[in-house]
>>> print(open('protein23.cif').read())   # mmCIF, C-alpha atoms and all ligand atoms
data_coords
#
loop_
_atom_site.label_atom_id
_atom_site.label_comp_id
_atom_site.auth_asym_id
_atom_site.auth_seq_id
_atom_site.Cartn_x
_atom_site.Cartn_y
_atom_site.Cartn_z
CA MET I 1094 0.00 0.00 0.00
CA ASP I 1095 1.18 3.52 -0.67
CA ALA I 1096 1.16 6.39 1.83
CA ALA I 1097 -2.31 7.60 0.79
CA ARG I 1098 -3.81 4.16 1.42
CA TRP I 1099 -2.11 3.96 4.80
CA ASP I 1100 -3.45 7.41 5.68
CA GLU I 1101 -6.91 6.21 4.70
CA ARG I 1102 -6.49 3.12 6.86
CA TYR I 1103 -5.36 5.18 9.85
CA ARG I 1104 -8.28 7.58 9.43
CA SER I 1105 -10.70 4.63 9.56
CA SER I 1106 -9.97 4.23 13.28
CA THR I 1107 -9.01 6.48 16.16
CA SER I 1108 -6.19 4.07 16.92
CA LEU I 1109 -5.06 1.28 14.60
CA TRP I 1110 -2.42 -0.38 16.77
CA SER I 1111 -1.90 -1.22 20.38
CA ALA I 1112 -0.31 1.47 22.52
CA ASP I 1113 2.02 -1.24 23.83
CA PRO I 1114 5.46 -1.71 22.25
CA ASN I 1115 6.18 -4.72 20.09
CA PRO I 1116 6.77 -7.65 22.52
CA GLN I 1117 9.71 -8.93 20.44
CA LEU I 1118 11.33 -5.53 20.71
CA VAL I 1119 10.90 -5.55 24.48
CA ALA I 1120 12.35 -9.07 24.73
CA GLU I 1121 15.36 -8.27 22.54
CA VAL I 1122 16.15 -4.75 23.69
CA GLY I 1123 14.78 -4.61 27.23
CA SER I 1124 18.10 -5.27 28.93
CA ALA I 1125 20.34 -3.50 26.39
CA THR I 1126 22.18 -0.29 27.17
CA PRO I 1127 20.31 2.60 25.52
CA GLY I 1128 21.88 4.12 22.45
CA ARG I 1129 20.47 5.14 19.08
CA ALA I 1130 17.54 3.34 17.45
CA LEU I 1131 15.88 3.53 14.05
CA ASP I 1132 12.16 2.63 14.01
CA CYS I 1133 11.19 1.93 10.39
CA GLY I 1134 7.42 2.12 9.87
CA CYS I 1135 6.85 3.53 13.36
CA GLY I 1136 3.09 3.88 12.86
CA GLU I 1137 1.44 5.53 15.85
CA GLY I 1138 4.71 5.41 17.73
CA ALA I 1139 4.23 2.80 20.47
CA SER I 1140 7.67 1.24 20.05
CA ALA I 1141 9.45 4.56 19.50
CA LEU I 1142 7.88 5.90 22.68
CA TRP I 1143 8.83 2.84 24.66
CA LEU I 1144 12.42 3.06 23.42
CA ALA I 1145 12.61 6.75 24.36
CA GLU I 1146 11.21 5.97 27.79
CA GLN I 1147 14.05 3.46 28.21
CA GLY I 1148 16.56 6.20 27.37
CA TRP I 1149 17.13 5.50 23.66
CA ASN I 1150 17.49 8.29 21.13
CA VAL I 1151 15.10 7.31 18.39
CA THR I 1152 14.68 8.22 14.74
CA ALA I 1153 11.11 7.17 13.94
CA VAL I 1154 10.24 6.98 10.23
CA ASP I 1155 6.90 6.48 8.53
CA PHE I 1156 5.38 7.76 5.29
CA SER I 1157 1.87 8.17 6.75
CA GLU I 1158 1.20 11.73 7.83
CA VAL I 1159 -1.76 10.60 9.95
CA ALA I 1160 0.32 8.00 11.81
CA LEU I 1161 3.12 10.47 12.44
CA GLN I 1162 0.72 13.10 13.78
CA ARG I 1163 -0.64 10.55 16.26
CA ALA I 1164 2.85 9.42 17.22
CA ALA I 1165 4.01 13.00 17.76
CA ALA I 1166 0.91 13.77 19.85
CA ARG I 1167 1.59 10.76 22.04
CA ALA I 1168 5.22 11.78 22.43
CA ALA I 1169 4.18 15.28 23.43
CA GLU I 1170 1.91 13.82 26.10
CA SER I 1171 4.86 11.81 27.45
CA GLY I 1172 6.76 14.89 28.53
CA ASP I 1173 9.78 16.85 27.33
CA GLU I 1174 12.44 14.30 28.20
CA VAL I 1175 10.83 11.53 26.13
CA ARG I 1176 9.78 13.94 23.36
CA ARG I 1177 13.30 15.28 22.94
CA ARG I 1178 14.64 11.78 22.40
CA ILE I 1179 12.52 11.12 19.29
CA ASP I 1180 12.96 12.59 15.82
CA PHE I 1181 9.93 11.86 13.66
CA ILE I 1182 10.60 11.78 9.94
CA GLN I 1183 8.05 11.44 7.16
CA GLN I 1184 9.75 9.43 4.44
CA ASP I 1185 9.02 6.60 2.04
CA LEU I 1186 11.65 4.06 3.04
CA THR I 1187 11.78 2.65 -0.48
CA LYS I 1188 13.04 5.99 -1.85
C1 LIG U 1 2.10 -2.66 10.57
S1 LIG U 1 2.29 -0.91 10.68
C2 LIG U 1 3.52 -0.82 11.96
C3 LIG U 1 3.09 -0.06 13.16
C4 LIG U 1 4.12 0.08 14.27
N1 LIG U 1 5.45 -0.32 13.92
C5 LIG U 1 3.66 -0.66 15.51
O1 LIG U 1 4.26 -1.68 15.84
O2 LIG U 1 2.71 -0.20 16.15
C6 LIG U 1 3.33 -0.55 9.26
C7 LIG U 1 3.70 0.91 9.12
O3 LIG U 1 4.67 1.02 8.08
C8 LIG U 1 4.40 2.18 7.33
N2 LIG U 1 5.00 1.97 6.01
C9 LIG U 1 4.67 1.01 5.10
N3 LIG U 1 5.44 1.13 4.00
C10 LIG U 1 6.28 2.18 4.22
C11 LIG U 1 7.29 2.79 3.44
N4 LIG U 1 7.62 2.37 2.22
N5 LIG U 1 7.96 3.85 3.97
C12 LIG U 1 7.64 4.32 5.20
N6 LIG U 1 6.67 3.79 5.98
C13 LIG U 1 6.01 2.71 5.50
C14 LIG U 1 2.90 2.35 7.34
O4 LIG U 1 2.48 3.68 7.15
C15 LIG U 1 2.55 1.82 8.74
O5 LIG U 1 2.45 2.88 9.67
#
>>> encode(input="protein23.cif", output="structure tokens")
Amino acid sequence: MDAARWDERYRSSTSLWSADPNPQLVAEVGSATPGRALDCGCGEGASALWLAEQGWNVTAVDFSEVALQRAAARAAESGDEVRRRIDFIQQDLTK
């Protein structure tokens, strides 16, 4: 699906994905020392937020404007420290 279709899909629901981070991410990264992380296809930002809460500096990329707006809103609600650790980028990862 292209970005427009993803936007359409996101608009069809107030929240498309769980607010919880990906369980595999938590299992793999939970005990690692925080550093820099790249979240490709970050969607509504659950994993990027979790990483930032653990102290990671995150670049969170998605091509859906709707998803990124939701992710940024969630980050803003999480406070300055978490918000400052995440750079949201709108980009098609195939280009
Ligand atoms: C299954 S969702 C992942 C949601 C998120 N990672 C999570 O766990 O909650 C896939 C995401 O990838 C994004 N996406 C798909 N193809 C992409 C591309 N070529 N470039 C950037 N983002 C893309 C979609 O907009 C969508 O938000």
>>> atom_distance(input="protein23.cif", atom1="atom CA of Phe1156 of chain I", atom2="atom CA of Gly1123 of chain I")
26.9 Å
>>> residues_around(input="protein23.cif", residues="Cys1135 of chain I", least_positions_apart="6", cutoff="9 Å", atoms="all atoms listed in the file", output="list in words")
Ala1141, Ala1153, Val1154, Asp1155, Ala1160, Leu1161, Ala1164 and Phe1181 of chain I
>>> closest_residue(input="protein23.cif", among="I:Glu1121, I:Glu1174, I:Glu1137, I:Asp1180", to="ligand LIG 1 (chain U)", atoms="all atoms listed in the file")
I:Glu1137
>>> closest_atom_pairs(input="protein23.cif", of="segment 1128-1170 of chain I", to="segment 1098-1115 of chain I", cutoff="12 Å", atoms="all atoms listed in the file", output="JSON lines")
{"residue": "I:Asp1132", "atom": "CA", "partner": "I:Asn1115", "partner_atom": "CA", "distance": 11.3}
{"residue": "I:Gly1134", "atom": "CA", "partner": "I:Trp1099", "partner_atom": "CA", "distance": 11.0}
{"residue": "I:Cys1135", "atom": "CA", "partner": "I:Pro1114", "partner_atom": "CA", "distance": 10.4}
{"residue": "I:Gly1136", "atom": "CA", "partner": "I:Trp1110", "partner_atom": "CA", "distance": 8.0}
{"residue": "I:Glu1137", "atom": "CA", "partner": "I:Trp1110", "partner_atom": "CA", "distance": 7.1}
{"residue": "I:Gly1138", "atom": "CA", "partner": "I:Ala1112", "partner_atom": "CA", "distance": 8.0}
{"residue": "I:Ala1139", "atom": "CA", "partner": "I:Pro1114", "partner_atom": "CA", "distance": 5.0}
{"residue": "I:Ser1140", "atom": "CA", "partner": "I:Pro1114", "partner_atom": "CA", "distance": 4.3}
{"residue": "I:Ala1141", "atom": "CA", "partner": "I:Pro1114", "partner_atom": "CA", "distance": 7.9}
{"residue": "I:Leu1142", "atom": "CA", "partner": "I:Pro1114", "partner_atom": "CA", "distance": 8.0}
{"residue": "I:Trp1143", "atom": "CA", "partner": "I:Pro1114", "partner_atom": "CA", "distance": 6.2}
{"residue": "I:Leu1144", "atom": "CA", "partner": "I:Pro1114", "partner_atom": "CA", "distance": 8.5}
{"residue": "I:Ala1145", "atom": "CA", "partner": "I:Pro1114", "partner_atom": "CA", "distance": 11.3}
{"residue": "I:Glu1146", "atom": "CA", "partner": "I:Pro1114", "partner_atom": "CA", "distance": 11.1}
{"residue": "I:Gln1147", "atom": "CA", "partner": "I:Pro1114", "partner_atom": "CA", "distance": 11.7}
{"residue": "I:Asp1155", "atom": "CA", "partner": "I:Trp1099", "partner_atom": "CA", "distance": 10.1}
{"residue": "I:Phe1156", "atom": "CA", "partner": "I:Trp1099", "partner_atom": "CA", "distance": 8.4}
{"residue": "I:Ser1157", "atom": "CA", "partner": "I:Asp1100", "partner_atom": "CA", "distance": 5.5}
{"residue": "I:Glu1158", "atom": "CA", "partner": "I:Asp1100", "partner_atom": "CA", "distance": 6.7}
{"residue": "I:Val1159", "atom": "CA", "partner": "I:Asp1100", "partner_atom": "CA", "distance": 5.6}
{"residue": "I:Ala1160", "atom": "CA", "partner": "I:Tyr1103", "partner_atom": "CA", "distance": 6.6}
{"residue": "I:Leu1161", "atom": "CA", "partner": "I:Asp1100", "partner_atom": "CA", "distance": 9.9}
{"residue": "I:Gln1162", "atom": "CA", "partner": "I:Tyr1103", "partner_atom": "CA", "distance": 10.7}
{"residue": "I:Arg1163", "atom": "CA", "partner": "I:Ser1108", "partner_atom": "CA", "distance": 8.6}
{"residue": "I:Ala1164", "atom": "CA", "partner": "I:Ala1112", "partner_atom": "CA", "distance": 10.1}
{"residue": "I:Arg1167", "atom": "CA", "partner": "I:Ala1112", "partner_atom": "CA", "distance": 9.5}
{"residue": "I:Ala1168", "atom": "CA", "partner": "I:Ala1112", "partner_atom": "CA", "distance": 11.7}
>>> atom_distance(input="protein23.cif", atom1="atom N5 of ligand LIG 1 (chain U)", atom2="atom CA of Gly1172 of chain I")
27.0 Å
>>> atom_distance(input="protein23.cif", atom1="atom C4 of ligand LIG 1 (chain U)", atom2="atom CA of Asp1173 of chain I")
22.0 Å
>>> residues_around(input="protein23.cif", residues="Ala1130 of chain I", least_positions_apart="2", cutoff="7 Å", atoms="all atoms listed in the file", output="list in words")
Gly1128, Asp1132, Trp1149, Asn1150, Val1151 and Thr1152 of chain I
>>> axis_aligned_box(input="protein23.cif", around="ligand LIG 1 (chain U)", padding_each_side="6 Å", output="lines of an AutoDock Vina configuration file")
center_x = 5.0
center_y = 0.8
center_z = 9.2
size_x = 17.9
size_y = 19.0
size_z = 25.9
